[in-house]
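Text of the file query-v1.cif, holding mmCIF, C-alpha atoms:
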```cif
data_target
#
loop_
_atom_site.label_atom_id
_atom_site.label_comp_id
_atom_site.auth_asym_id
_atom_site.auth_seq_id
_atom_site.Cartn_x
_atom_site.Cartn_y
_atom_site.Cartn_z
CA MET G 1 19.64 133.73 -33.98
CA SER G 2 18.30 133.03 -37.47
CA GLU G 3 15.52 130.51 -38.01
CA LYS G 4 17.94 127.99 -39.54
CA GLU G 5 20.37 128.47 -36.63
CA ALA G 6 17.46 127.99 -34.23
CA VAL G 7 16.48 124.70 -35.88
CA ASP G 8 20.11 123.53 -35.83
CA HIS G 9 20.26 124.56 -32.18
CA VAL G 10 17.30 122.27 -31.40
CA GLU G 11 18.92 119.31 -33.11
CA VAL G 12 22.23 119.79 -31.30
CA GLU G 13 20.93 120.70 -27.86
CA GLY G 14 18.64 117.72 -27.18
CA GLU G 15 18.64 115.93 -23.83
CA GLU G 16 21.87 113.96 -24.23
CA HIS G 17 23.64 115.95 -21.49
CA ASP G 18 21.15 114.44 -18.99
CA ALA G 19 21.63 110.83 -20.11
CA ASN G 20 24.14 109.80 -17.41
CA TYR G 21 22.87 112.04 -14.63
CA GLN G 22 21.34 110.29 -11.64
CA PRO G 23 19.37 112.62 -9.33
CA PRO G 24 19.97 112.24 -5.59
CA PRO G 25 17.34 110.26 -3.67
CA GLN G 26 14.52 112.39 -2.28
CA LYS G 27 14.94 113.16 1.41
CA THR G 28 12.81 115.08 3.85
CA ILE G 29 14.26 118.06 5.71
CA GLU G 30 14.31 115.93 8.88
CA GLU G 31 16.41 113.25 7.13
CA ILE G 32 18.83 115.85 5.80
CA MET G 33 19.29 117.43 9.23
CA ALA G 34 19.78 114.03 10.90
CA ALA G 35 22.49 112.91 8.45
CA ASP G 36 26.10 113.66 9.50
CA ALA G 37 24.81 115.27 12.70
CA GLU G 38 28.25 114.87 14.36
CA ASP G 39 29.93 117.08 11.72
CA GLU G 40 29.70 120.58 13.23
CA SER G 41 30.67 122.53 10.09
CA LEU G 42 28.25 120.54 7.92
CA ARG G 43 25.48 121.01 10.48
CA LYS G 44 26.02 124.80 10.45
CA TYR G 45 26.07 124.82 6.64
CA LYS G 46 22.74 122.96 6.50
CA GLU G 47 21.22 125.31 9.08
CA ALA G 48 22.27 128.34 7.00
CA LEU G 49 20.96 126.73 3.82
CA LEU G 50 17.60 125.63 5.23
CA GLY G 51 16.89 128.67 7.41
CA GLU G 52 13.44 128.53 9.02
CA ALA G 53 12.60 125.27 7.23
CA GLN G 54 14.73 123.25 9.67
CA SER G 55 12.58 124.15 12.66
CA GLU G 56 9.11 124.43 11.14
CA LYS G 57 7.15 123.22 8.15
CA ILE G 58 7.12 126.11 5.69
CA ILE G 59 3.70 126.39 4.07
CA TYR G 60 3.02 129.38 1.82
CA ASP G 61 -0.51 128.35 0.79
CA ASN G 62 -2.24 125.75 2.96
CA SER G 63 -4.87 125.08 0.30
CA ASP G 64 -2.23 124.22 -2.33
CA LEU G 65 -0.58 120.80 -1.90
CA ARG G 66 2.14 121.41 -4.50
CA LYS G 67 5.76 121.79 -3.40
CA VAL G 68 6.43 124.42 -6.09
CA ILE G 69 3.94 127.16 -6.96
CA VAL G 70 4.97 129.09 -10.08
CA LYS G 71 3.68 132.64 -9.81
CA LYS G 72 4.91 134.71 -12.74
CA LEU G 73 7.06 134.80 -15.88
CA SER G 74 8.65 138.11 -16.86
CA LEU G 75 10.43 139.05 -20.08
CA LEU G 76 13.22 141.49 -19.18
CA VAL G 77 14.67 143.93 -21.70
CA ALA G 78 17.08 146.71 -20.68
CA GLY G 79 15.41 150.12 -20.60
CA ARG G 80 11.85 148.76 -20.75
CA ASP G 81 9.28 147.74 -18.15
CA PRO G 82 9.07 143.96 -17.68
CA MET G 83 6.44 142.16 -19.78
CA GLU G 84 4.69 139.79 -17.39
CA LEU G 85 2.57 136.65 -17.50
CA ASP G 86 0.56 135.95 -14.34
CA LEU G 87 0.79 132.19 -13.82
CA SER G 88 -1.33 132.08 -10.68
CA GLY G 89 -4.71 132.27 -12.47
CA ASP G 90 -6.27 130.63 -15.52
CA ILE G 91 -3.23 129.70 -17.61
CA SER G 92 -5.40 128.54 -20.54
CA LYS G 93 -5.94 132.22 -21.48
CA LEU G 94 -2.24 133.10 -21.71
CA LYS G 95 -1.89 132.33 -25.44
CA LYS G 96 -4.26 135.19 -26.23
CA ASN G 97 -1.90 137.78 -24.66
CA VAL G 98 0.83 138.05 -27.28
CA PHE G 99 4.11 139.72 -26.28
CA VAL G 100 5.52 142.00 -28.97
CA ILE G 101 9.32 141.72 -29.14
CA LYS G 102 11.59 143.87 -31.27
CA GLU G 103 13.77 141.74 -33.54
CA GLY G 104 17.38 141.20 -32.51
CA ILE G 105 17.04 142.50 -28.95
CA GLN G 106 18.73 140.88 -25.96
CA TYR G 107 16.34 139.64 -23.28
CA LYS G 108 16.20 137.53 -20.15
CA ILE G 109 13.35 135.51 -18.67
CA ARG G 110 12.66 135.66 -14.92
CA ILE G 111 10.46 133.11 -13.19
CA ASP G 112 9.01 133.88 -9.75
CA PHE G 113 8.03 130.85 -7.68
CA VAL G 114 7.42 129.61 -4.16
CA VAL G 115 8.83 126.43 -2.64
CA GLN G 116 6.85 125.02 0.28
CA ARG G 117 6.71 121.89 2.45
CA GLU G 118 9.97 120.20 1.33
CA ILE G 119 13.26 120.89 -0.49
CA VAL G 120 13.01 120.64 -4.28
CA HIS G 121 16.03 119.16 -6.08
CA GLY G 122 17.23 120.15 -9.53
CA LEU G 123 14.54 122.55 -10.69
CA LYS G 124 14.61 123.04 -14.48
CA TYR G 125 12.97 125.50 -16.84
CA VAL G 126 12.33 124.05 -20.30
CA GLN G 127 11.07 126.26 -23.11
CA LYS G 128 10.14 124.98 -26.59
CA THR G 129 9.39 127.53 -29.30
CA TYR G 130 7.35 126.79 -32.43
CA ARG G 131 6.54 128.70 -35.58
CA MET G 132 3.56 127.50 -37.62
CA GLY G 133 3.70 124.24 -35.65
CA VAL G 134 7.39 123.58 -36.45
CA PRO G 135 9.90 123.53 -33.55
CA VAL G 136 12.51 126.28 -34.03
CA ASP G 137 14.21 126.52 -30.62
CA LYS G 138 14.57 124.74 -27.30
CA MET G 139 16.06 126.14 -24.11
CA THR G 140 16.75 124.12 -20.97
CA GLN G 141 17.93 126.05 -17.92
CA MET G 142 19.07 124.34 -14.73
CA VAL G 143 17.49 126.45 -12.00
CA GLY G 144 18.90 124.56 -8.99
CA SER G 145 17.75 123.12 -5.66
CA TYR G 146 15.71 125.26 -3.28
CA PRO G 147 14.58 124.96 0.34
CA PRO G 148 11.06 125.99 1.36
CA LYS G 149 10.71 129.71 2.12
CA LYS G 150 7.83 131.94 3.08
CA GLU G 151 8.79 134.51 0.44
CA ILE G 152 8.80 134.32 -3.34
CA GLN G 153 12.07 133.14 -4.90
CA SER G 154 13.14 133.80 -8.48
CA TYR G 155 15.43 132.60 -11.24
CA THR G 156 16.65 134.69 -14.19
CA THR G 157 18.01 133.11 -17.36
CA PRO G 158 21.16 134.33 -19.11
CA PHE G 159 20.66 136.69 -22.05
CA GLU G 160 18.97 135.30 -25.15
CA GLU G 161 18.78 137.07 -28.50
CA ALA G 162 15.49 137.45 -30.36
CA PRO G 163 15.57 136.34 -34.01
CA SER G 164 15.99 139.09 -36.60
CA GLY G 165 15.40 139.67 -40.30
CA MET G 166 12.29 139.66 -42.44
CA MET G 167 12.03 135.85 -42.40
CA ALA G 168 12.12 135.78 -38.62
CA ARG G 169 9.26 138.24 -38.13
CA GLY G 170 5.93 136.77 -37.17
CA THR G 171 4.14 134.97 -34.35
CA TYR G 172 5.70 132.18 -32.31
CA SER G 173 4.05 129.85 -29.81
CA VAL G 174 5.91 128.68 -26.73
CA THR G 175 5.42 125.74 -24.39
CA SER G 176 7.09 126.30 -21.02
CA LEU G 177 7.63 123.67 -18.35
CA PHE G 178 8.89 124.00 -14.78
CA THR G 179 10.08 120.55 -13.72
CA ASP G 180 12.77 118.93 -11.54
CA ASP G 181 15.17 115.99 -11.25
CA ASP G 182 12.31 113.71 -10.22
CA LYS G 183 10.35 114.68 -13.36
CA ASN G 184 7.58 116.37 -11.38
CA GLU G 185 5.62 118.73 -13.61
CA HIS G 186 5.22 121.77 -11.37
CA LEU G 187 3.61 123.85 -14.11
CA LYS G 188 3.26 123.64 -17.87
CA TRP G 189 1.83 126.54 -19.83
CA GLU G 190 1.59 127.94 -23.35
CA TRP G 191 2.14 131.52 -24.41
CA SER G 192 2.94 133.50 -27.57
CA PHE G 193 5.14 136.29 -28.81
CA GLU G 194 5.42 138.22 -32.04
CA ILE G 195 8.72 139.37 -33.54
CA LYS G 196 8.35 142.79 -35.15
CA LYS G 197 10.72 145.28 -36.75
CA ASP G 198 10.05 147.64 -33.85
CA TRP G 199 8.17 147.52 -30.54
CA GLN G 200 4.86 148.66 -32.12
#
```
Go ahead and render the structure in this file as structure tokens.
Amino acid sequence: MSEKEAVDHVEVEGEEHDANYQPPPQKTIEEIMAADAEDESLRKYKEALLGEAQSEKIIYDNSDLRKVIVKKLSLLVAGRDPMELDLSGDISKLKKNVFVIKEGIQYKIRIDFVVQREIVHGLKYVQKTYRMGVPVDKMTQMVGSYPPKKEIQSYTTPFEEAPSGMMARGTYSVTSLFTDDDKNEHLKWEWSFEIKKDWQ
């Protein structure tokens, strides 16, 4: 995607697709299990969906009161080891670790996270990319609704294409946000990447 296309993409994409969407009311796992209890097939479906969470409170980290704990962001490129950002520590230092990305490559972003305590509805990953302070791209990915689990869950975006051409080369700053239908800010962090002609 060229820089001009990226800017046009920002203007077109916007948030208008969310304008008429009304998120479902928040319900506890107990309320969900109690609803439509006489419907056998629906009860079995909810049991399969919720797993262990229907019979016990799933808590991954007792010292962390958040419902969603974002652990890691990985940049995935075919034939290369993942480039990873650890989001479980001091996220203020992440901007100093600049990913180098070869121009024009196809990549995906994977986010590893934990859901604990209650179901989370309509998780979203929002990524805004800037060059020299000017917004050049915005990506919003609907991640989905997730029940609490004791293990790490993950979401991988569809393929994106890195910008290419001499004008596209340089350093970009990114603001990433993991949010949901109820506008909870589970984690917001900043990071950077540099587009180069080659990997080095």
Extract, using only C-alpha atoms, all DNA, RNA and protein residues at most 9 Å from G:Asp86, discarding same-chain residues fewer than 4 positions from it, and format them as an NGL selection string.
:G and (71-74 or 90-91 or 94)
Need to verify the contact set: G:Glu103, 6 Å, all atoms listed in the file, exclusion of same-chain residues closer than 6 positions in sequence. Can you return it as a short mmCIF file (atom, residue, chain, number, x, y, z; two decimals) with C-alpha atoms, keeping the file's coordinate frame?
```
data_model
loop_
_atom_site.label_atom_id
_atom_site.label_comp_id
_atom_site.auth_asym_id
_atom_site.auth_seq_id
_atom_site.Cartn_x
_atom_site.Cartn_y
_atom_site.Cartn_z
CA ALA G 162 15.49 137.45 -30.36
CA PRO G 163 15.57 136.34 -34.01
CA SER G 164 15.99 139.09 -36.60
CA ILE G 195 8.72 139.37 -33.54
CA LYS G 196 8.35 142.79 -35.15
CA LYS G 197 10.72 145.28 -36.75
#
```
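When all atoms listed in the file are used to measure the gap to G:Met83, the shortest distance among G:Tyr155, G:Ala168, G:Phe193, G:Leu187 belongs to G:Phe193.
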Tell me, as a list in words, which residues lie within 8 Å of G:Gln106, counting all atoms listed in the file; anything in the same chain fewer than 4 positions away does not count.
Val77, Phe159, Glu160, Glu161 and Ala162 of chain G
Would you be able to write out as a ChimeraX atom specification which residues have an atom within 6 Å of (14.9, 136.9, -19.7) in the file's coordinates, counting all atoms listed in the file?
/G:75-76,107-110,157
Of G:Glu194, G:Asp112, G:Glu185, G:Glu40, the one sitting nearest G:Glu151 when using all atoms listed in the file is G:Asp112
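Of note, atom CA of G:Tyr146 and atom CA of G:Lys124 are spaced 11.5 Å apart.
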Counting only C-alpha atoms, figure out which residue out of G:Met167, G:Ala78, G:Leu123, G:Ile111 gets nearest to G:Met142.
G:Leu123
Could you pull the residues within 12 Å of G:Asp61, counting only C-alpha atoms, minus those fewer than 4 positions along the same chain, as a VMD selection string?
chain G and resid 57 65 to 69 114 to 117 148 to 152
Using only C-alpha atoms, pick whichever of G:Thr175, G:Asn184, G:Gln141, G:Asn97 has the shortest atom-to-atom distance to G:Val120.
G:Asn184
Mind giving me the straight-line distance from atom CA of G:Gly133 to atom CA of G:Trp191 in Å, one decimal?
13.5 Å
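You will find atom CA of G:Glu190 at 14.4 Å from atom CA of G:Met132.
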Using the file's own x, y and z axes, so that the box edges lie along x, y and z, what centre and edge lengths in Å (one decimal) does a box around every listed atom of stretch 183-186 of chain G get when 6 Å is added on each side? Give it as lines of an AutoDock Vina configuration file.
```
center_x = 7.8
center_y = 118.2
center_z = -12.5
size_x = 17.1
size_y = 19.1
size_z = 14.2
```
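The shortest atom-to-atom distance to G:Pro135, with all atoms listed in the file taken into account, belongs to G:Val174 out of G:Ile101, G:Arg169, G:Val174, G:Pro158.
Restricting the calculation to all atoms listed in the file, the smallest distance between G:Asp198 and any of G:Gly104, G:Gly79, G:Gly89, G:Pro147 is found for G:Gly104.
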